[in-house]
Amino acid sequence: MAFHVPRGGLQQMMKKGTRYLEGKEEVVFDSISTIRELGDTTKTAYGPFGMNKIVQNHIEKLFLTSDAATMIKELDIRHPAAKMVVMAAHQQEEECGDGTNGCVMLTASILHEAEYLLRMGLAVPELVSGLQAGLQAGLSEINGLTVHTVDLQQIRDVNAVKYAIKASLMSKQLGNEEFLSNIIAEACVSTLPKDAIRFNVDDIRVCKIMGSNLEASKIIPGMVFKRYVESEIQNVTDAKVAMFNCPLDNLQTETKGTVLLKNAEELKNFTKTEEAQLYNAVKAIAESGAKVLVCGGKISDLGLDYANKMGLMTVRLNSKWDMRRLAKSIGATVLPRLTPPSADEMGFCDKVRVEEIGDTRVVSFQRSTSRIATIVLRAGTTNVLDDLERAVDDGVNNFKLLTKDKRLVAGAGAFEVELAKCLDVHAEKCLGMEQYGIKLLAKAYEYLPRQLAENCGQNPSKVISRLMAAHAEVEGSTIGVNIESEDLQDAAKNGIFDHILIKEWQLKLAVNTAITILRVNQIIMAKRAGGPKAPSQRGGHWDDDHDEED
Amino acid sequence: MAAIKNLNPKAELARNHQALAINISAARGLRDVMKTNLGPKGTMKMLVSGAGDIKLTKDGNVLLNEMQIQSPPAMLIAKCATALDDTVGDGTSQLICFIGELLKEADSHIADGVHPRLINDGFRLASVEAKKALEDIAEKRDIDRDLLLQVARTSLRTKLDADLAEKLTEAVVDAILAIKKGDEEVNLHMVEIMEMQHRSAMDTQLIKGLVLDHGARHPDMPKRSEKCYILAANVSLEYEKTEVNSGFFYKTAEEREKLVKAERAFTDQKVQKIIDFKKQVCKDDGEGESSFILINQKGIDPISLDALAKENIVALRRAKRRNMERLALACGGHCMNSVDDMTPDCLGKAGLVYEAVLGENKFTFVEDCVNPQSVTLLIRGPNRHTIAQIKDAIRDGLRSVKNCIDDKRVVPGAGAFEVACHQRLIEYSKTVTGRQALGVRAYADALLVVPKTLAINSGHDAMDVVVTLQQETRMNNVPMGIDLETGEAQIPGDSGIWDNFCVKKQILDSATVISEHFLLIDEIMRAGLATLKAGPAQ
């Protein structure tokens, strides 16, 4: 049993279970085929007629969605190359909040085309430099493809905003886009600060309540919490609101305290003084003019009793974040101790009341000039509600993009065909090998409108050829796929727009991911570590600033 | 049967040729992995850890650390290469290629019947001569920004793609120049490397100030302040438990309230002192009021935060210790351990302090410092592996610039040194008598692995390039390197391709030592540990 002499290979040199892949066949082509499969999965969900998918994640939660970001996030992908695409999609979600499916498909189609060229004998560095040239060309071409703008005045006009974000909602909630775009535009415009760039997507809250249907959804200016009030009083108008993030109870020392009683008299006195103290504290708050008391900590029975006596409506909020949002919404300052608030520390609400929506009771804090708006969504099942929420998020993100950049490009595949045409023209002018890379990118872009047509049940080849012909005729044409018939339509005229930043990031991320994958020539995979997952970073010390609500 | 088998029947061993073969094949195996990394046109490797995390790298050192190597000789080489990286920060791939090549050359001589000891002697002689050659070939240069840029560029280009390398080159050099104090040795710890996962890699930048990876802890604190005074403190602004067991006794609620107040008073006093100090320092001088930033190494509890927020003081709690040190260097002032003796002299100054929020993470930027002696390189990238890749590259880039400053000389890169040194060693071998000359010649040939690999990685013919370089070097009498675009010869200095003197020297040293180890081993033994796990427990 002597040593066996390892023969050149690296395999024997490394720990058992390590996988080592090398060479074009094993690494590049294998990665490409995996990513193509990923692209094939998401592509049927692309566009307004995309199919929904049911995804069950590792904790057996069910997702019903056509949103690619959700799908691949919940799929828990292991393949290293496919994981890079997931990361690109994730990045797209972070930067734009929309357009993930396009990003995944574009990456997949670039790699699909690249495989063909690599098999033909093109070297990887040549292909990569071509793709880089294509990326540069594409980014500069995109600027010329703007067809519609929403400038700073229009961004406060509900109709102009609605017009601009409708197309993005169409691909998520076909048929509901009119209603949703209206409600989202209204909510966004109402909370838009003076300086439009400071618009925060967190200022649009969503409250999901089961039952009824989408048409029953509405906007409430202010915050809505799915909980019940503590006090007897449930309805207040024109109220001043005092907010505390301490318990509604007697003060306690941090050091352990012991009540030292020597006789029954002292015991009685102690209870009495304790009661009197709390009574005074609540009374002082009531006398400051506040009608509503919002508490971030525990509410003691005694405190509640006094609050009822003083006619204070009492609400308890569990989350520090809810406290902060409410404070922002009604313009209150959260006080750390039970002291009577001064006039400017109190917030103001037009209405604070308990409402019964369906059979869910909610507390709403409404203020006409609120900086936060809540969209109350109604639908039959949790899955539909979740999907609606994602659609609202995408819509709000699209609005956020409008505050960053006013430019929009034509949707319905028109942009992709036009960009492909521009890239093709650009490629013709290049003398070197990068011509292949640029042409490849142009070809990859054609996959998107093709899929759009296919998902609508049309003959993709027929539609694409018609599209190409239409675009070849006119410079900067906005003719796109018509989801209702194989006849084309003018996307710009029919108000189908996509945001330019979404397209820009799709291009950047897809090309960069493809390049990264093409450049790898060896993969070394350690044996998967077993055992329980590393403990999550959440929770723990009171000092940690985590979002507790989700 | 070897003697050890009699002593311990479970022992494993390999001897003589077998032992040598194991060693040589390990060295060549490692070389084969590293070969494709070398140079700006090298390809990348994808490493997947046990937890499924992805890492993309071209850096030999990272690769060696992440690969789980178990073969004993390969481990020996890997450790030596890692040590090289620790001392000079670069050159790992080159070293491994060189060792692999040395042993390959040695192998062919041993096959012809030369004793390993003789070859080893030749290697030693050659190594001494090569180091002399290095001294001669290295160029003494004045250290200016241009030269440093060239050195940094040479190093970074081998780790990242050209555009990104170009961007980082300036950032790295400017960072070093900012923290460099006269002739003192550069302390690289004074360059903080911070990462933010967003946007693209090209947004990586140098901040002449500090970036802290946490934000102000109160929603009402200003997000952006100008003309700031910065108080760095190490004072606890929260209730601290007593060290001994203690308790309160009370019998009425009033008494308890008093105790609560007394408990707070200690902390409140400290907060009040800071607030008073702020009022004393920040007076309106007619050009807008200056702001006050408190950066505390210890905690600040919500009540204190509230009090500070009311006074418009931005307060950060639980800052890292190293950031506290850097803060003093970046903004001036010094860290306070008590609030009793604060004077305006202890305050640092910064033109701009603002907060950036990224998902759940907050970052505080301290910028516009006057004459900062500590700076931050802020890495941006769309995903974790990009950031890790840039981080490794920046580390190497910083080291190469530092090396250059320390060495005060540079070596022509792009394979030029190796070709010139090869020539010199061949000349030298003619003066060596005996069979050692074979070792010297083998050493010289092994050196050529660098230009050969560079050529292969950029798609040129290795032998063709080497011959061209040798000819050109001989004809022009200057070291000529390879132009990776064309495969022709060029003078590396003209294109600004410079390597570090100390890196080359270390490589020559380490490679000789390791190959000596390997050549002189004639038996590998492993005591039979099999008993530990053999068979199921009874």
# chains A, B, ... in the order shown; residues from 1 in each chain; ligands from 1
>>> select_by_dssp(residues="segment 26-251 of chain B", states="alpha helix (DSSP H)", output="PyMOL selection string")
chain B and resi 26-35+60-66+72-88+92-111+116-137+145-157+162-179
>>> residues_around(residues="Gly47 of chain A", least_positions_apart="2", cutoff="6 Å", atoms="only C-alpha atoms", output="JSON, numbers by chain")
{"A": [49, 50, 171, 452]}
>>> write_last_selection(atoms="all heavy atoms", output="PDB file, in the first residue's frame")
ATOM      1  N   PHE A  49     -48.832  38.377 -22.029  1.00  0.00           N
ATOM      2  CA  PHE A  49     -49.473  37.073 -22.118  1.00  0.00           C
ATOM      3  C   PHE A  49     -48.577  35.973 -21.555  1.00  0.00           C
ATOM      4  O   PHE A  49     -48.748  34.801 -21.850  1.00  0.00           O
ATOM      5  CB  PHE A  49     -49.863  36.762 -23.573  1.00  0.00           C
ATOM      6  CG  PHE A  49     -51.172  37.385 -23.953  1.00  0.00           C
ATOM      7  CD1 PHE A  49     -51.578  37.445 -25.278  1.00  0.00           C
ATOM      8  CD2 PHE A  49     -52.006  37.917 -22.973  1.00  0.00           C
ATOM      9  CE1 PHE A  49     -52.788  38.024 -25.625  1.00  0.00           C
ATOM     10  CE2 PHE A  49     -53.202  38.495 -23.314  1.00  0.00           C
ATOM     11  CZ  PHE A  49     -53.599  38.552 -24.640  1.00  0.00           C
ATOM     12  N   GLY A  50     -47.593  36.363 -20.749  1.00  0.00           N
ATOM     13  CA  GLY A  50     -46.712  35.367 -20.141  1.00  0.00           C
ATOM     14  C   GLY A  50     -47.500  34.490 -19.193  1.00  0.00           C
ATOM     15  O   GLY A  50     -48.498  34.897 -18.622  1.00  0.00           O
ATOM     16  N   SER A 171     -47.598  44.022 -18.249  1.00  0.00           N
ATOM     17  CA  SER A 171     -46.926  42.733 -18.355  1.00  0.00           C
ATOM     18  C   SER A 171     -47.085  41.919 -17.079  1.00  0.00           C
ATOM     19  O   SER A 171     -46.797  40.734 -17.058  1.00  0.00           O
ATOM     20  CB  SER A 171     -45.457  42.928 -18.700  1.00  0.00           C
ATOM     21  OG  SER A 171     -44.799  43.505 -17.609  1.00  0.00           O
ATOM     22  N   LEU A 452     -41.993  37.496 -27.080  1.00  0.00           N
ATOM     23  CA  LEU A 452     -43.214  38.250 -26.808  1.00  0.00           C
ATOM     24  C   LEU A 452     -44.331  37.748 -27.725  1.00  0.00           C
ATOM     25  O   LEU A 452     -45.445  37.451 -27.274  1.00  0.00           O
ATOM     26  CB  LEU A 452     -42.936  39.735 -27.062  1.00  0.00           C
ATOM     27  CG  LEU A 452     -43.821  40.752 -26.398  1.00  0.00           C
ATOM     28  CD1 LEU A 452     -43.798  40.583 -24.906  1.00  0.00           C
ATOM     29  CD2 LEU A 452     -43.367  42.155 -26.778  1.00  0.00           C
TER      30      LEU A 452
END
>>> interface_residues(of="chain B", to="chain A", cutoff="8 Å", atoms="only C-alpha atoms", output="ChimeraX atom specification")
/B:12-14,18,21-22,25-26,28-30,33,43-52,54,67-71,74,198-199,219,239,241,246-254,256-257,259-260,263,302-303,306,360,382-383
>>> select_by_dssp(residues="segment 390-539 of chain A", states="strand (DSSP E)", output="list of chain:residue names")
A:Arg407, A:Leu408, A:Val409, A:Ala410, A:Ile479, A:Gly480, A:Gln489, A:Asp490, A:Phe497, A:Asp498, A:His499, A:Val520, A:Asn521, A:Gln522, A:Ile523, A:Ile524, A:Met525
>>> write_last_selection(atoms="N, CA and C atoms", output="mmCIF file, in the first residue's frame")
data_model
loop_
_atom_site.group_PDB
_atom_site.id
_atom_site.type_symbol
_atom_site.label_atom_id
_atom_site.label_comp_id
_atom_site.auth_asym_id
_atom_site.auth_seq_id
_atom_site.Cartn_x
_atom_site.Cartn_y
_atom_site.Cartn_z
ATOM 1 N N ARG A 407 -36.608 59.999 -19.481
ATOM 2 C CA ARG A 407 -36.730 59.441 -20.823
ATOM 3 C C ARG A 407 -37.383 58.055 -20.829
ATOM 4 N N LEU A 408 -38.200 57.839 -21.859
ATOM 5 C CA LEU A 408 -38.821 56.528 -22.035
ATOM 6 C C LEU A 408 -38.565 56.049 -23.456
ATOM 7 N N VAL A 409 -38.496 54.749 -23.627
ATOM 8 C CA VAL A 409 -38.341 54.209 -24.977
ATOM 9 C C VAL A 409 -39.600 53.420 -25.326
ATOM 10 N N ALA A 410 -39.729 53.088 -26.584
ATOM 11 C CA ALA A 410 -40.919 52.379 -27.030
ATOM 12 C C ALA A 410 -40.911 50.958 -26.501
ATOM 13 N N ILE A 479 -42.545 50.694 -34.267
ATOM 14 C CA ILE A 479 -43.484 49.598 -34.512
ATOM 15 C C ILE A 479 -43.111 48.420 -33.614
ATOM 16 N N GLY A 480 -44.107 47.882 -32.917
ATOM 17 C CA GLY A 480 -43.833 46.768 -32.022
ATOM 18 C C GLY A 480 -44.849 45.655 -32.183
ATOM 19 N N GLN A 489 -48.242 47.002 -34.303
ATOM 20 C CA GLN A 489 -48.837 48.239 -33.838
ATOM 21 C C GLN A 489 -47.719 49.247 -33.560
ATOM 22 N N ASP A 490 -48.104 50.509 -33.512
ATOM 23 C CA ASP A 490 -47.119 51.532 -33.183
ATOM 24 C C ASP A 490 -47.118 51.727 -31.668
ATOM 25 N N PHE A 497 -44.713 52.181 -23.197
ATOM 26 C CA PHE A 497 -43.339 52.645 -23.001
ATOM 27 C C PHE A 497 -42.614 51.801 -21.968
ATOM 28 N N ASP A 498 -41.310 51.737 -22.119
ATOM 29 C CA ASP A 498 -40.475 51.164 -21.067
ATOM 30 C C ASP A 498 -39.499 52.241 -20.652
ATOM 31 N N HIS A 499 -39.023 52.115 -19.436
ATOM 32 C CA HIS A 499 -38.106 53.152 -18.984
ATOM 33 C C HIS A 499 -36.705 52.912 -19.508
ATOM 34 N N VAL A 520 -14.287 32.445 -17.926
ATOM 35 C CA VAL A 520 -13.842 31.420 -16.978
ATOM 36 C C VAL A 520 -13.367 30.191 -17.738
ATOM 37 N N ASN A 521 -12.215 29.653 -17.365
ATOM 38 C CA ASN A 521 -11.801 28.429 -18.038
ATOM 39 C C ASN A 521 -11.626 27.250 -17.104
ATOM 40 N N GLN A 522 -11.733 27.499 -15.808
ATOM 41 C CA GLN A 522 -11.675 26.383 -14.877
ATOM 42 C C GLN A 522 -12.678 26.635 -13.764
ATOM 43 N N ILE A 523 -13.305 25.591 -13.307
ATOM 44 C CA ILE A 523 -14.168 25.729 -12.137
ATOM 45 C C ILE A 523 -13.694 24.724 -11.096
ATOM 46 N N ILE A 524 -13.449 25.203 -9.921
ATOM 47 C CA ILE A 524 -13.045 24.307 -8.838
ATOM 48 C C ILE A 524 -14.130 24.381 -7.773
ATOM 49 N N MET A 525 -14.796 23.290 -7.545
ATOM 50 C CA MET A 525 -15.904 23.299 -6.592
ATOM 51 C C MET A 525 -15.550 22.460 -5.384
#
>>> residues_around(residues="Leu293 of chain A", least_positions_apart="4", cutoff="12 Å", atoms="only C-alpha atoms", output="PyMOL selection string")
chain A and resi 229-231+233-234+236+239-248+282-283+285-286+288-289+297+299+303-304+306-308+310-317+323+332+334-335+338-341+346-348+352+365
>>> residues_around(residues="segment 384-399 of chain B", least_positions_apart="2", cutoff="8 Å", atoms="only C-alpha atoms", output="MDAnalysis selection string")
chainID B and resid 54:57 59 62 88:90 152:153 155:156 159:160 168:169 172:173 176 188 193 195 197 201 379:382 401:403
>>> residues_around(residues="Ile313 of chain B", least_positions_apart="2", cutoff="6 Å", atoms="only C-alpha atoms", output="MDAnalysis selection string")
chainID B and resid 292:293 308:309 311
>>> atom_distance(atom1="atom CA of Ser300 of chain A", atom2="atom CA of Ser304 of chain B")
25.2 Å
>>> atom_distance(atom1="atom CA of Leu210 of chain B", atom2="atom CA of Val366 of chain B")
5.0 Å
>>> atom_distance(atom1="atom CA of Lys421 of chain A", atom2="atom CA of Gly395 of chain A")
29.4 Å
>>> closest_residue(among="B:Thr343, B:Thr468, B:Asn234, B:Asn16", to="Leu316 of chain B", atoms="only C-alpha atoms")
B:Asn234
>>> residues_around(residues="segment 144-153 of chain A", least_positions_apart="6", cutoff="9 Å", atoms="only C-alpha atoms", output="number ranges by chain")
A: 160-161, 164, 196, 402-403, 405-410, 415, 418-419, 476, 478, 492, 497, 500
>>> write_last_selection(atoms="C-alpha atoms", output="PDB file, in the first residue's frame")
ATOM      1  CA  ALA A 160     -48.999  61.816 -17.515  1.00  0.00           C
ATOM      2  CA  VAL A 161     -47.518  59.437 -14.949  1.00  0.00           C
ATOM      3  CA  ALA A 164     -45.891  56.308 -18.659  1.00  0.00           C
ATOM      4  CA  ALA A 196     -38.727  65.029  -6.894  1.00  0.00           C
ATOM      5  CA  LEU A 402     -39.103  58.585 -13.771  1.00  0.00           C
ATOM      6  CA  THR A 403     -37.904  60.880 -11.005  1.00  0.00           C
ATOM      7  CA  ASP A 405     -34.563  60.062 -15.625  1.00  0.00           C
ATOM      8  CA  LYS A 406     -37.390  61.462 -17.687  1.00  0.00           C
ATOM      9  CA  ARG A 407     -36.730  59.441 -20.823  1.00  0.00           C
ATOM     10  CA  LEU A 408     -38.821  56.528 -22.035  1.00  0.00           C
ATOM     11  CA  VAL A 409     -38.341  54.209 -24.977  1.00  0.00           C
ATOM     12  CA  ALA A 410     -40.919  52.379 -27.030  1.00  0.00           C
ATOM     13  CA  PHE A 415     -37.023  49.139 -28.794  1.00  0.00           C
ATOM     14  CA  GLU A 418     -34.594  49.072 -33.373  1.00  0.00           C
ATOM     15  CA  LEU A 419     -31.506  48.600 -31.188  1.00  0.00           C
ATOM     16  CA  GLY A 476     -36.217  55.258 -35.364  1.00  0.00           C
ATOM     17  CA  THR A 478     -41.566  52.481 -32.970  1.00  0.00           C
ATOM     18  CA  ALA A 492     -45.339  54.966 -29.112  1.00  0.00           C
ATOM     19  CA  PHE A 497     -43.339  52.645 -23.001  1.00  0.00           C
ATOM     20  CA  ILE A 500     -34.716  53.865 -20.499  1.00  0.00           C
TER      21      ILE A 500
END
>>> residues_around(residues="Asp67 of chain A", least_positions_apart="4", cutoff="8 Å", atoms="only C-alpha atoms", output="PyMOL selection string")
chain A and resi 45+71+101+172+390
>>> write_last_selection(atoms="N, CA and C atoms", output="PDB file, in the first residue's frame")
ATOM      1  N   ALA A  45     -42.756  33.369 -19.177  1.00  0.00           N
ATOM      2  CA  ALA A  45     -43.475  34.312 -18.318  1.00  0.00           C
ATOM      3  C   ALA A  45     -43.304  35.747 -18.803  1.00  0.00           C
ATOM      4  N   MET A  71     -39.347  34.355  -9.071  1.00  0.00           N
ATOM      5  CA  MET A  71     -39.123  32.957  -9.438  1.00  0.00           C
ATOM      6  C   MET A  71     -37.707  32.521  -9.140  1.00  0.00           C
ATOM      7  N   ASN A 101     -36.838  39.783 -15.981  1.00  0.00           N
ATOM      8  CA  ASN A 101     -36.989  38.717 -16.947  1.00  0.00           C
ATOM      9  C   ASN A 101     -36.215  39.044 -18.216  1.00  0.00           C
ATOM     10  N   LYS A 172     -47.524  42.542 -15.999  1.00  0.00           N
ATOM     11  CA  LYS A 172     -47.707  41.775 -14.763  1.00  0.00           C
ATOM     12  C   LYS A 172     -49.172  41.445 -14.532  1.00  0.00           C
ATOM     13  N   ARG A 390     -46.531  42.668  -5.770  1.00  0.00           N
ATOM     14  CA  ARG A 390     -45.317  42.770  -6.585  1.00  0.00           C
ATOM     15  C   ARG A 390     -45.525  43.706  -7.762  1.00  0.00           C
TER      16      ARG A 390
END
